[in-house]
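Coordinates as given in start.csv (CSV, C-alpha atoms and all ligand atoms):
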```csv
chain,number,residue,atom,x,y,z
M,621,MET,CA,52.8,115.5,29.1
M,622,LYS,CA,55.6,118.2,29.3
M,623,ILE,CA,59.0,116.9,28.5
M,624,LYS,CA,62.4,118.4,29.5
M,625,LYS,CA,64.3,118.1,26.2
M,626,SER,CA,68.1,118.2,26.2
M,627,GLY,CA,68.6,119.1,22.6
M,628,ALA,CA,71.0,116.2,22.1
M,629,THR,CA,70.5,114.1,19.0
M,630,TYR,CA,70.8,110.4,18.1
M,631,SER,CA,74.0,109.4,16.5
M,632,LYS,CA,74.3,110.3,12.8
M,633,ILE,CA,76.5,107.2,12.4
M,634,THR,CA,73.5,105.0,13.2
M,635,ALA,CA,71.3,106.9,10.8
M,636,ILE,CA,73.8,106.5,8.0
M,637,GLY,CA,73.8,102.7,8.7
M,638,GLU,CA,70.0,102.6,8.4
M,639,LYS,CA,70.1,104.6,5.2
M,640,VAL,CA,72.7,102.3,3.7
M,641,LYS,CA,70.7,99.2,4.6
M,642,MET,CA,67.7,100.6,2.7
M,643,LEU,CA,69.9,101.4,-0.3
M,644,GLU,CA,71.2,97.9,-0.2
M,645,LYS,CA,67.7,96.5,-0.2
M,646,GLU,CA,66.5,98.7,-3.0
M,647,SER,CA,69.5,98.2,-5.3
M,648,GLY,CA,70.3,94.6,-4.5
M,649,LYS,CA,73.9,95.6,-4.3
M,650,LYS,CA,76.3,94.9,-1.4
M,651,TYR,CA,77.7,97.9,0.5
M,652,LEU,CA,80.8,98.1,2.7
M,653,TYR,CA,80.0,99.5,6.1
M,654,LEU,CA,82.9,101.8,7.1
M,655,ASN,CA,80.7,104.2,9.0
M,656,GLN,CA,80.8,102.2,12.3
M,657,GLY,CA,83.3,102.4,15.1
M,658,VAL,CA,83.8,98.8,15.9
M,659,ASN,CA,86.5,96.3,15.0
M,660,ALA,CA,85.0,94.2,12.3
M,661,VAL,CA,88.0,92.2,10.9
M,662,CYS,CA,86.9,89.3,13.1
M,663,ASN,CA,85.0,88.6,16.3
M,664,ILE,CA,86.7,87.6,19.5
M,665,ASN,CA,86.3,83.8,19.9
M,666,LEU,CA,84.8,83.2,23.3
M,667,THR,CA,84.1,79.5,22.9
M,668,GLU,CA,86.7,78.3,25.3
M,669,VAL,CA,86.2,81.1,27.8
M,670,VAL,CA,82.5,80.7,28.3
M,671,LYS,CA,83.2,77.0,29.3
M,672,LEU,CA,84.9,78.4,32.4
M,673,ILE,CA,81.8,80.3,33.6
M,674,ASP,CA,79.2,78.7,35.9
M,675,PHE,CA,76.1,80.6,34.7
M,676,ASN,CA,74.1,78.9,37.5
M,677,SER,CA,76.2,80.4,40.2
M,678,ARG,CA,74.6,82.8,42.7
M,679,ASP,CA,77.8,84.8,42.5
M,680,ILE,CA,76.9,86.2,39.1
M,681,GLN,CA,73.1,86.0,39.1
M,682,VAL,CA,72.6,88.5,41.9
M,683,TYR,CA,73.6,92.2,42.4
M,684,GLN,CA,77.3,92.8,42.0
M,685,PRO,CA,79.5,94.8,44.3
M,686,MET,CA,78.6,98.5,43.6
M,687,LYS,CA,82.1,99.4,42.5
M,688,GLY,CA,82.6,96.3,40.5
M,689,ARG,CA,83.9,92.7,41.1
M,690,PRO,CA,87.3,92.8,43.0
M,691,LEU,CA,88.8,90.0,40.8
M,692,LEU,CA,88.0,91.9,37.7
M,693,LYS,CA,89.5,95.1,39.1
M,694,GLN,CA,92.6,93.1,40.1
M,695,ALA,CA,92.9,91.9,36.5
M,696,ILE,CA,92.4,95.4,35.2
M,697,ASN,CA,95.1,96.7,37.5
M,698,LYS,CA,97.5,94.1,36.1
M,699,TYR,CA,96.6,94.4,32.4
M,700,TYR,CA,96.3,98.2,32.2
M,701,PHE,CA,98.5,99.5,35.0
M,702,ASN,CA,101.2,96.8,35.4
M,703,ASN,CA,99.9,96.3,39.0
M,704,ALA,CA,101.1,99.9,39.9
M,705,SER,CA,97.6,101.0,41.0
M,706,THR,CA,95.1,99.5,43.5
M,707,ILE,CA,91.6,98.2,43.0
M,708,GLU,CA,90.3,101.0,45.2
M,709,ASN,CA,91.0,103.4,42.3
M,710,ILE,CA,89.0,101.5,39.8
M,711,LEU,CA,85.2,101.6,39.2
M,712,ILE,CA,83.5,99.3,36.8
M,713,THR,CA,81.0,101.0,34.5
M,714,SER,CA,78.6,100.1,31.8
M,715,GLY,CA,81.1,101.0,29.1
M,716,GLY,CA,83.0,104.1,28.2
M,717,MET,CA,79.8,106.1,27.5
M,718,SER,CA,78.6,105.6,31.0
M,719,GLY,CA,82.0,106.4,32.4
M,720,LEU,CA,82.1,109.7,30.5
M,721,ASP,CA,78.6,110.6,31.5
M,722,LEU,CA,79.3,109.9,35.2
M,723,VAL,CA,82.6,111.9,35.1
M,724,PHE,CA,81.2,114.9,33.2
M,725,GLN,CA,78.3,115.2,35.7
M,726,SER,CA,80.6,115.0,38.7
M,727,ILE,CA,83.5,117.3,38.0
M,728,ASP,CA,83.2,120.9,39.0
M,729,VAL,CA,84.9,122.8,36.2
M,730,ASP,CA,84.2,125.9,34.1
M,731,LYS,CA,84.2,124.1,30.7
M,732,ILE,CA,84.9,120.7,29.2
M,733,TYR,CA,87.3,121.1,26.2
M,734,LEU,CA,87.2,118.6,23.4
M,735,PRO,CA,89.7,118.2,20.5
M,736,GLN,CA,89.0,120.1,17.3
M,737,TYR,CA,87.9,116.8,15.7
M,738,PHE,CA,85.9,114.9,18.3
M,739,TRP,CA,83.6,112.0,18.8
M,740,GLY,CA,80.1,113.5,18.7
M,741,SER,CA,78.8,111.8,21.8
M,742,TYR,CA,81.1,113.9,24.0
M,743,MET,CA,79.1,117.0,23.0
M,744,ASN,CA,75.8,115.2,23.3
M,745,ILE,CA,76.6,114.2,26.9
M,746,ILE,CA,77.6,117.8,27.6
M,747,LYS,CA,74.1,118.8,26.2
M,748,VAL,CA,72.2,116.2,28.1
M,749,ARG,CA,73.9,117.3,31.4
M,750,ASN,CA,73.5,121.0,30.6
M,751,LEU,CA,77.3,121.7,30.8
M,752,ARG,CA,79.6,124.0,28.9
M,753,GLY,CA,81.7,122.6,26.1
M,754,ASP,CA,84.5,124.1,24.1
M,755,TYR,CA,87.3,123.0,21.8
M,756,TYR,CA,91.1,123.1,21.7
M,757,PHE,CA,92.9,123.1,18.3
M,758,ASN,CA,95.6,120.5,18.9
M,759,PHE,CA,98.1,119.4,21.6
M,760,ALA,CA,100.7,122.0,20.6
M,761,GLU,CA,98.1,124.8,21.0
M,762,LEU,CA,97.1,123.4,24.4
M,763,GLU,CA,100.7,123.6,25.5
M,764,LYS,CA,101.2,127.1,24.3
M,765,ASN,CA,98.1,128.5,26.1
M,766,ILE,CA,98.2,126.1,29.0
M,767,GLU,CA,97.1,128.6,31.8
M,768,GLN,CA,93.8,129.2,30.0
M,769,TYR,CA,92.7,125.7,30.9
M,770,LYS,CA,93.5,125.6,34.6
M,771,ASN,CA,89.9,125.7,35.8
M,772,SER,CA,88.6,123.4,33.0
M,773,ALA,CA,88.6,119.8,32.0
M,774,LEU,CA,90.1,118.5,28.7
M,775,VAL,CA,89.3,115.3,26.9
M,776,ILE,CA,92.3,113.5,25.4
M,777,CYS,CA,91.5,110.8,22.8
M,778,ASP,CA,94.7,109.2,21.3
M,779,PRO,CA,94.5,107.4,18.9
M,780,ASN,CA,91.8,109.9,18.0
M,781,ASN,CA,88.3,109.2,16.9
M,782,PRO,CA,87.6,110.4,14.1
M,783,ILE,CA,91.1,111.0,12.7
M,784,GLY,CA,92.7,107.8,13.8
M,785,ASP,CA,96.1,109.4,14.5
M,786,LYS,CA,98.5,108.6,17.3
M,787,TYR,CA,100.5,111.3,18.9
M,788,ASN,CA,104.0,110.7,20.4
M,789,ASP,CA,103.6,109.1,23.9
M,790,GLU,CA,106.5,110.8,25.6
M,791,LYS,CA,105.1,114.2,24.5
M,792,LEU,CA,101.6,113.2,25.5
M,793,ILE,CA,102.8,112.2,29.0
M,794,ALA,CA,104.6,115.5,29.4
M,795,LEU,CA,101.6,117.4,28.3
M,796,ILE,CA,99.2,115.5,30.6
M,797,THR,CA,101.6,116.1,33.5
M,798,LYS,CA,101.8,119.8,32.8
M,799,LEU,CA,98.0,120.1,32.6
M,800,ASN,CA,97.7,118.2,35.9
M,801,ASN,CA,100.2,120.4,37.6
M,802,ILE,CA,98.4,123.7,36.7
M,803,GLY,CA,95.2,122.2,38.1
M,804,ALA,CA,93.3,121.3,34.9
M,805,THR,CA,91.3,118.1,35.0
M,806,VAL,CA,92.5,115.7,32.3
M,807,ILE,CA,90.1,113.0,31.1
M,808,ILE,CA,91.9,110.4,29.1
M,809,ASP,CA,89.4,108.6,26.9
M,810,SER,CA,91.4,106.5,24.6
M,811,PRO,CA,89.6,103.2,24.1
M,812,TYR,CA,91.5,102.4,20.8
M,813,ARG,CA,95.0,102.2,22.4
M,814,LYS,CA,94.9,98.7,23.7
M,815,VAL,CA,94.0,97.2,20.3
M,816,PHE,CA,97.5,98.3,19.1
M,817,LEU,CA,99.9,98.9,21.8
M,818,ASP,CA,101.6,96.0,23.6
M,819,ASP,CA,103.9,97.9,25.9
M,820,ASP,CA,101.7,100.8,26.5
M,821,THR,CA,103.0,102.8,29.4
M,822,LEU,CA,100.7,105.9,29.2
M,823,TYR,CA,98.4,104.8,32.1
M,824,GLU,CA,101.2,103.6,34.2
M,825,SER,CA,102.9,107.0,33.8
M,826,VAL,CA,100.0,109.2,34.7
M,827,TYR,CA,97.6,107.1,36.8
M,828,ASN,CA,99.0,108.6,40.1
M,829,LEU,CA,98.3,112.3,39.1
M,830,PRO,CA,95.5,113.7,41.2
M,831,ASN,CA,93.7,115.5,38.4
M,832,VAL,CA,93.9,112.7,35.8
M,833,ILE,CA,90.9,110.5,35.2
M,834,ILE,CA,91.2,107.5,32.9
M,835,ILE,CA,88.1,106.2,31.2
M,836,GLU,CA,88.3,102.8,29.4
M,837,SER,CA,86.1,100.4,27.5
M,838,PHE,CA,86.2,96.8,26.5
M,839,SER,CA,84.1,97.6,23.4
M,840,LYS,CA,87.1,98.2,21.1
M,841,SER,CA,90.2,96.6,22.6
M,842,ILE,CA,88.5,93.2,23.0
M,843,GLY,CA,85.5,93.7,20.7
M,844,LEU,CA,82.8,93.4,23.3
M,845,SER,CA,80.7,96.5,22.6
M,846,GLY,CA,77.5,94.4,23.1
M,847,GLN,CA,78.5,93.6,26.7
M,848,ARG,CA,78.4,97.3,27.9
M,849,ILE,CA,81.4,97.2,30.2
M,850,GLY,CA,84.4,99.4,30.9
M,851,PHE,CA,86.0,101.2,33.9
M,852,VAL,CA,87.0,104.6,35.3
M,853,HIS,CA,90.3,105.0,37.1
M,854,THR,CA,91.0,107.9,39.5
M,855,ILE,CA,93.1,108.2,42.7
M,856,ASN,CA,90.6,110.8,44.0
M,857,GLN,CA,88.5,108.7,46.4
M,858,ASP,CA,85.9,111.5,46.8
M,859,LEU,CA,85.3,111.4,43.0
M,860,ASN,CA,85.3,107.6,43.0
M,861,ASN,CA,82.6,107.5,45.7
M,862,GLU,CA,80.5,110.1,43.9
M,863,LEU,CA,80.7,108.2,40.6
M,864,ALA,CA,79.7,105.0,42.4
M,865,ILE,CA,76.7,106.7,44.0
M,866,LYS,CA,75.6,108.1,40.7
M,867,LEU,CA,76.1,104.7,39.1
M,868,MET,CA,74.0,103.1,41.8
M,869,TYR,CA,71.0,105.4,41.4
M,870,ALA,CA,71.2,105.3,37.6
M,871,SER,CA,71.5,101.5,37.1
M,872,ASN,CA,72.1,99.7,40.4
M,873,GLY,CA,75.5,98.4,39.3
M,874,VAL,CA,76.9,96.7,36.3
M,875,ASN,CA,75.9,93.4,34.6
M,876,GLY,CA,77.5,90.4,36.4
M,877,PHE,CA,77.8,88.2,33.3
M,878,ALA,CA,79.8,90.9,31.4
M,879,GLN,CA,82.0,91.3,34.4
M,880,ILE,CA,82.8,87.7,34.8
M,881,LEU,CA,83.4,87.3,31.1
M,882,VAL,CA,86.0,90.0,31.0
M,883,GLU,CA,87.5,88.7,34.2
M,884,LYS,CA,88.0,85.3,32.6
M,885,LEU,CA,89.4,86.8,29.5
M,886,PHE,CA,92.1,88.6,31.4
M,887,THR,CA,92.9,86.0,34.0
M,888,THR,CA,93.0,82.6,32.2
M,889,LYS,CA,95.2,81.1,29.5
M,890,VAL,CA,92.4,80.5,27.1
M,891,GLY,CA,91.2,84.1,27.7
M,892,ILE,CA,94.5,85.7,27.0
M,893,LYS,CA,94.9,83.5,23.9
M,894,ALA,CA,91.5,84.7,22.7
M,895,ILE,CA,92.4,88.3,23.2
M,896,ASN,CA,95.8,87.9,21.5
M,897,ASN,CA,94.3,86.2,18.5
M,898,PHE,CA,91.6,88.9,18.2
M,899,ARG,CA,94.2,91.7,18.4
M,900,LEU,CA,96.6,90.0,16.0
M,901,THR,CA,94.0,89.4,13.3
M,902,THR,CA,92.5,92.8,13.7
M,903,THR,CA,95.8,94.8,13.7
M,904,THR,CA,97.2,92.9,10.7
M,905,ASP,CA,94.3,93.9,8.5
M,906,ILE,CA,94.2,97.4,9.8
M,907,LYS,CA,97.8,97.9,9.0
M,908,LYS,CA,97.3,96.6,5.4
M,909,ASN,CA,94.3,98.8,4.9
M,910,ILE,CA,96.2,101.9,6.0
M,911,GLU,CA,99.1,101.0,3.7
M,912,PHE,CA,96.6,100.5,0.9
M,913,LEU,CA,95.2,104.0,1.4
M,914,LYS,CA,98.7,105.5,1.5
M,915,THR,CA,99.9,103.7,-1.6
M,916,ASN,CA,96.8,104.8,-3.5
M,917,ASN,CA,96.9,108.4,-2.4
M,918,LEU,CA,93.6,108.0,-0.6
M,919,LEU,CA,94.8,109.0,2.9
M,920,ALA,CA,94.2,112.6,3.7
M,921,ILE,CA,97.8,113.2,4.8
M,922,LYS,CA,97.3,116.8,6.0
M,923,PHE,CA,95.7,115.3,9.1
M,924,TYR,CA,98.8,113.3,9.9
M,925,LYS,CA,101.6,115.9,9.9
M,926,ASN,CA,102.5,115.6,13.6
M,927,SER,CA,101.1,112.1,14.3
M,928,GLU,CA,100.8,108.7,12.7
M,929,PRO,CA,97.8,107.0,11.2
M,930,LYS,CA,97.3,104.2,13.7
M,931,GLY,CA,93.8,104.0,14.9
M,932,ILE,CA,90.8,102.0,13.7
M,933,PHE,CA,89.8,105.1,11.8
M,934,ALA,CA,91.3,107.0,8.9
M,935,VAL,CA,90.4,110.2,7.0
M,936,VAL,CA,90.3,109.9,3.3
M,937,ASN,CA,90.4,112.4,0.4
M,938,LEU,CA,86.9,111.6,-0.6
M,939,SER,CA,83.6,112.9,0.6
M,940,GLU,CA,80.8,110.8,2.2
M,941,LYS,CA,78.8,111.3,-1.0
M,942,GLU,CA,81.6,110.2,-3.3
M,943,LEU,CA,82.2,107.0,-1.2
M,944,LEU,CA,78.5,106.2,-1.2
M,945,GLU,CA,78.5,106.2,-5.0
M,946,LYS,CA,81.1,103.4,-4.7
M,947,GLN,CA,78.8,101.6,-2.2
M,948,ILE,CA,81.0,102.5,0.7
M,949,ALA,CA,79.3,103.9,3.9
M,950,SER,CA,81.4,106.5,5.7
M,951,VAL,CA,80.8,109.6,7.8
M,952,SER,CA,81.6,113.1,6.6
M,953,LEU,CA,84.4,114.7,8.6
M,954,SER,CA,82.2,117.8,9.0
M,955,PHE,CA,80.1,115.8,11.4
M,956,PHE,CA,83.0,115.6,13.8
M,957,THR,CA,83.9,119.3,14.1
M,958,ARG,CA,82.4,122.7,14.7
M,959,ILE,CA,85.4,124.5,13.2
M,960,ASP,CA,85.5,125.0,9.4
M,961,LYS,CA,82.8,122.5,8.6
M,962,GLU,CA,82.9,123.4,4.9
M,963,GLU,CA,86.5,122.3,4.5
M,964,ALA,CA,85.8,119.2,6.5
M,965,GLU,CA,82.9,118.3,4.1
M,966,LYS,CA,85.6,117.3,1.5
M,967,TYR,CA,86.8,114.4,3.6
M,968,ALA,CA,85.3,111.4,5.2
M,969,ARG,CA,86.1,109.2,8.2
M,970,ILE,CA,86.2,105.5,7.5
M,971,CYS,CA,86.7,102.6,9.8
M,972,VAL,CA,89.7,100.6,8.6
M,973,SER,CA,89.1,97.7,10.9
M,974,VAL,CA,87.5,95.4,8.2
M,975,PRO,CA,88.9,92.4,6.3
M,976,HIS,CA,91.6,93.6,3.9
M,977,ASN,CA,90.4,91.8,0.8
M,978,GLU,CA,86.9,93.3,1.2
M,979,PHE,CA,88.4,96.7,1.7
M,980,VAL,CA,90.5,96.4,-1.5
M,981,ASN,CA,87.6,95.1,-3.5
M,982,PHE,CA,85.4,98.1,-2.7
M,983,PHE,CA,88.1,100.7,-3.1
R,1001,LIG,C1,86.3,107.9,21.6
R,1001,LIG,C2,85.3,107.0,22.2
R,1001,LIG,N1,85.2,107.0,23.5
R,1001,LIG,C3,84.3,106.1,24.1
R,1001,LIG,C4,83.5,105.3,23.4
R,1001,LIG,C5,82.4,104.5,24.1
R,1001,LIG,O1,82.4,103.2,24.0
R,1001,LIG,P1,81.5,102.3,24.8
R,1001,LIG,O2,80.4,103.0,25.4
R,1001,LIG,O3,81.0,101.2,23.9
R,1001,LIG,O4,82.4,101.7,25.9
R,1001,LIG,C6,83.6,105.3,22.0
R,1001,LIG,C7,82.7,104.5,21.2
R,1001,LIG,O5,82.6,104.6,20.0
R,1001,LIG,C8,84.5,106.2,21.4
R,1001,LIG,O6,84.7,106.2,20.1
```
Kindly transcribe the structure held in the file into structure tokens.
Ligand SMILES: Cc1ncc(COP(=O)(O)O)c(C=O)c1O
Amino acid sequence: MKIKKSGATYSKITAIGEKVKMLEKESGKKYLYLNQGVNAVCNINLTEVVKLIDFNSRDIQVYQPMKGRPLLKQAINKYYFNNASTIENILITSGGMSGLDLVFQSIDVDKIYLPQYFWGSYMNIIKVRNLRGDYYFNFAELEKNIEQYKNSALVICDPNNPIGDKYNDEKLIALITKLNNIGATVIIDSPYRKVFLDDDTLYESVYNLPNVIIIESFSKSIGLSGQRIGFVHTINQDLNNELAIKLMYASNGVNGFAQILVEKLFTTKVGIKAINNFRLTTTTDIKKNIEFLKTNNLLAIKFYKNSEPKGIFAVVNLSEKELLEKQIASVSLSFFTRIDKEEAEKYARICVSVPHNEFVNFF
């Protein structure tokens, strides 16, 4: 059989996890898994929320509305947009990855620009879809050479994966507005924001710009990566319809159980309590872990000159190999960039969203 191969690769992060599991088995020693990109301080406690769901109802056992459940979209509009948008602008997807794939396939642009340090899957989707990718150096450089991007799309990830840094919101909103105004397509893919930011006004400030597309995921902000659910927001109804058509012929809609679960989390007292508890426990330990890295001169401060370490990731002054010798699984920074890989090899990305005492014990 002949196969059309894309040239994309499986995630190195998963491969590291498998290697470390083997090392753990062979040595009988415990390892700390900081290679992953999920919040692991605690799980979200769904006990009270699932009691509210009638799993026997026809409503969730059969095909769901193609653009997603209206009540879920209403809840998203409230939680993410302070009710400023409308449900017509929101499309439920099977997670952020599916949203990115649908959007990348559907926009007609010269190139898709990624940050210098980027999440590898962006480039793999670009490969699978046979598109053209490129890189921008940082937000300041974007602003300086803004005209160069007018026929392209740019991905903005803040707090960034892999660096875990958070740029100033006012400056970010101004930059996104400028890019929109020159005709560039801005793809905001920032699934780590809602873990940290209570009064986040980014989406509310830019949702109405015609060239801005917001992609979100419930994998990180409420810890539900196994449910495969997220959404895309755009005010461009042509794009919205095209995404829905592609979604239909790729998967025939999004899982009804996942949709009702997230809907109940956002719309009920017990749901909001579960989200708040999850976020509080998670962010408390993340903060302590970042402080610990700073105090012990382990944080690679050169990556945080114009931004703050805020995300669920941080970059440390140790290589993947050095960390592995201390039974800590991480991912070399060189995996996340195509620019100066040799320099990046000296550093590693770690996930700081793990229990503080475990983190301290291993370091
Ligand atoms: C920056 C970024 N965007 C999007 C995603 C996609 O998440 P999901 O497909 O689980 O919603 C991830 C997952 O690691 C990510 O790091």
Nearest to Ser718 (chain M), chosen from M:Ala628, M:Ala949, M:Leu943, M:Val852, with only C-alpha atoms counted in the distances: M:Val852
Mind listing the residues within 9 Å of ligand LIG 1001 (chain R), only C-alpha atoms and all ligand atoms counted, as a ChimeraX atom specification? /M:656-658,713-720,738-742,777-782,809-812,835-840,844-851
May I have the residues within 7 Å of Ser950 (chain M) as a list in words, using only C-alpha atoms and disregarding those fewer than 4 positions away in the same chain?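 Listed by chain and then number, they are Leu654, Asn655, Glu940, Leu943, Ala968, Arg969 and Ile970 of chain M.
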Counting all atoms listed in the file, closest pick from M:Gly891, M:Val974, M:Ile948, M:Glu942 relative to Asn665 (chain M) is M:Gly891
So how far away is CA of Asn917 (chain M) from CA of Gln947 (chain M), in Å? 19.3 Å
Write out as a VMD selection string the residues lying within 10 Å of Leu734 (chain M), counting all atoms listed in the file and excluding same-chain residues fewer than 4 positions away. chain M and resid 738 to 740 742 to 743 753 to 758 773 to 777 807 957
Resulting file, chosen residues, C-alpha atoms, as a PDB file, keeping the file's coordinate frame:
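To be explicit, this is the file written out as selection.pdb:
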```pdb
ATOM      1  CA  PHE M 738      85.900 114.900  18.300  1.00  0.00           C
ATOM      2  CA  TRP M 739      83.600 112.000  18.800  1.00  0.00           C
ATOM      3  CA  GLY M 740      80.100 113.500  18.700  1.00  0.00           C
ATOM      4  CA  TYR M 742      81.100 113.900  24.000  1.00  0.00           C
ATOM      5  CA  MET M 743      79.100 117.000  23.000  1.00  0.00           C
ATOM      6  CA  GLY M 753      81.700 122.600  26.100  1.00  0.00           C
ATOM      7  CA  ASP M 754      84.500 124.100  24.100  1.00  0.00           C
ATOM      8  CA  TYR M 755      87.300 123.000  21.800  1.00  0.00           C
ATOM      9  CA  TYR M 756      91.100 123.100  21.700  1.00  0.00           C
ATOM     10  CA  PHE M 757      92.900 123.100  18.300  1.00  0.00           C
ATOM     11  CA  ASN M 758      95.600 120.500  18.900  1.00  0.00           C
ATOM     12  CA  ALA M 773      88.600 119.800  32.000  1.00  0.00           C
ATOM     13  CA  LEU M 774      90.100 118.500  28.700  1.00  0.00           C
ATOM     14  CA  VAL M 775      89.300 115.300  26.900  1.00  0.00           C
ATOM     15  CA  ILE M 776      92.300 113.500  25.400  1.00  0.00           C
ATOM     16  CA  CYS M 777      91.500 110.800  22.800  1.00  0.00           C
ATOM     17  CA  ILE M 807      90.100 113.000  31.100  1.00  0.00           C
ATOM     18  CA  THR M 957      83.900 119.300  14.100  1.00  0.00           C
TER      19      THR M 957
END
```
Excluding Leu867 (chain M) and any residue of its chain fewer than 5 positions from it, enumerate the residues within 8 Å of it, using all atoms listed in the file, and give them as a ChimeraX atom specification. /M:713,722,872-873
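Residues within 8 Å of Asp730 (chain M), counting all atoms listed in the file and excluding same-chain residues fewer than 3 positions away, are Arg752, Asn771, Ser772 and Ala773 of chain M.
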CA of Gln725 (chain M) to CA of Leu829 (chain M), distance in Å rounded to a single decimal: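 Here the two named atoms are 20.5 Å from each other.
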Show me, as CSV, the residues of region 818-934 of chain M having an atom within 10 Å of region 688-692 of chain M, each with the closest atom pair and its distance in Å, using only C-alpha atoms.
```
residue,atom,partner,partner_atom,distance
M:Phe851,CA,M:Gly688,CA,8.9
M:Ala864,CA,M:Gly688,CA,9.4
M:Gly873,CA,M:Gly688,CA,7.5
M:Val874,CA,M:Gly688,CA,7.1
M:Asn875,CA,M:Gly688,CA,9.4
M:Gly876,CA,M:Arg689,CA,8.3
M:Gln879,CA,M:Leu692,CA,6.9
M:Ile880,CA,M:Leu692,CA,7.3
M:Leu881,CA,M:Leu692,CA,9.3
M:Val882,CA,M:Leu692,CA,7.2
M:Glu883,CA,M:Leu692,CA,4.8
M:Lys884,CA,M:Leu692,CA,8.3
M:Leu885,CA,M:Leu692,CA,9.8
M:Phe886,CA,M:Leu692,CA,8.2
M:Thr887,CA,M:Leu692,CA,8.5
```
Please, could you write that set of residues out with C-alpha atoms as a CSV table (one decimal), in the coordinates of the input?
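Output saved as selection-v9.csv:
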```csv
chain,number,residue,atom,x,y,z
M,851,PHE,CA,86.0,101.2,33.9
M,864,ALA,CA,79.7,105.0,42.4
M,873,GLY,CA,75.5,98.4,39.3
M,874,VAL,CA,76.9,96.7,36.3
M,875,ASN,CA,75.9,93.4,34.6
M,876,GLY,CA,77.5,90.4,36.4
M,879,GLN,CA,82.0,91.3,34.4
M,880,ILE,CA,82.8,87.7,34.8
M,881,LEU,CA,83.4,87.3,31.1
M,882,VAL,CA,86.0,90.0,31.0
M,883,GLU,CA,87.5,88.7,34.2
M,884,LYS,CA,88.0,85.3,32.6
M,885,LEU,CA,89.4,86.8,29.5
M,886,PHE,CA,92.1,88.6,31.4
M,887,THR,CA,92.9,86.0,34.0
```
Best match for closeness to Glu761 (chain M) among M:Leu795, M:Val670, M:Ile783, M:Ala920, counting only C-alpha atoms: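 Among M:Leu795, M:Val670, M:Ile783, M:Ala920, it is M:Leu795 that comes nearest to Glu761 (chain M).
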For the atom pair CA of Phe759 (chain M) and CA of Lys961 (chain M), what is the interatomic distance in Å to one decimal place?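 A separation of 20.3 Å between them.
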Select, from M:Val682, M:Ala870, M:Val723, M:Ile636, the residue with the minimum atom-to-atom distance to Tyr653 (chain M), counting only C-alpha atoms.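 That would be M:Ile636, the residue with the smallest distance to Tyr653 (chain M).
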Nearest to Val748 (chain M): which of M:Tyr630, M:Gln684, M:Ile712, M:Asp785 is it, counting all atoms listed in the file? M:Tyr630
Using all atoms listed in the file, find the one residue out of M:Asn981, M:Glu963, M:Leu792, M:Ile745 that sits nearest to Ala760 (chain M).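 Of all the options, M:Leu792 lies closest to Ala760 (chain M).
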Residues of region 915-982 of chain M that have any atom at most 7 Å from an atom of region 902-907 of chain M: could you tabulate them with the shortest-distance atom pair and the distance in Å to one decimal, using all atoms listed in the file, ordered by chain and increasing number, as JSON lines?
```
{"residue": "M:Ile932", "atom": "CA", "partner": "M:Ile906", "partner_atom": "CA", "distance": 6.9}
{"residue": "M:Val972", "atom": "CA", "partner": "M:Ile906", "partner_atom": "CA", "distance": 5.7}
{"residue": "M:Ser973", "atom": "CA", "partner": "M:Ile906", "partner_atom": "CA", "distance": 5.2}
{"residue": "M:Val974", "atom": "CA", "partner": "M:Asp905", "partner_atom": "CA", "distance": 7.0}
{"residue": "M:Pro975", "atom": "CA", "partner": "M:Asp905", "partner_atom": "CA", "distance": 6.0}
{"residue": "M:His976", "atom": "CA", "partner": "M:Asp905", "partner_atom": "CA", "distance": 5.3}
```
Which residues are near Tyr700 (chain M)? Cut-off 12 Å, all atoms listed in the file, ignore same chain within fewer than 3 positions. Put them as a ChimeraX atom specification. /M:692-697,703-707,710,811,813-814,817-827,834-838,841,851-853,886
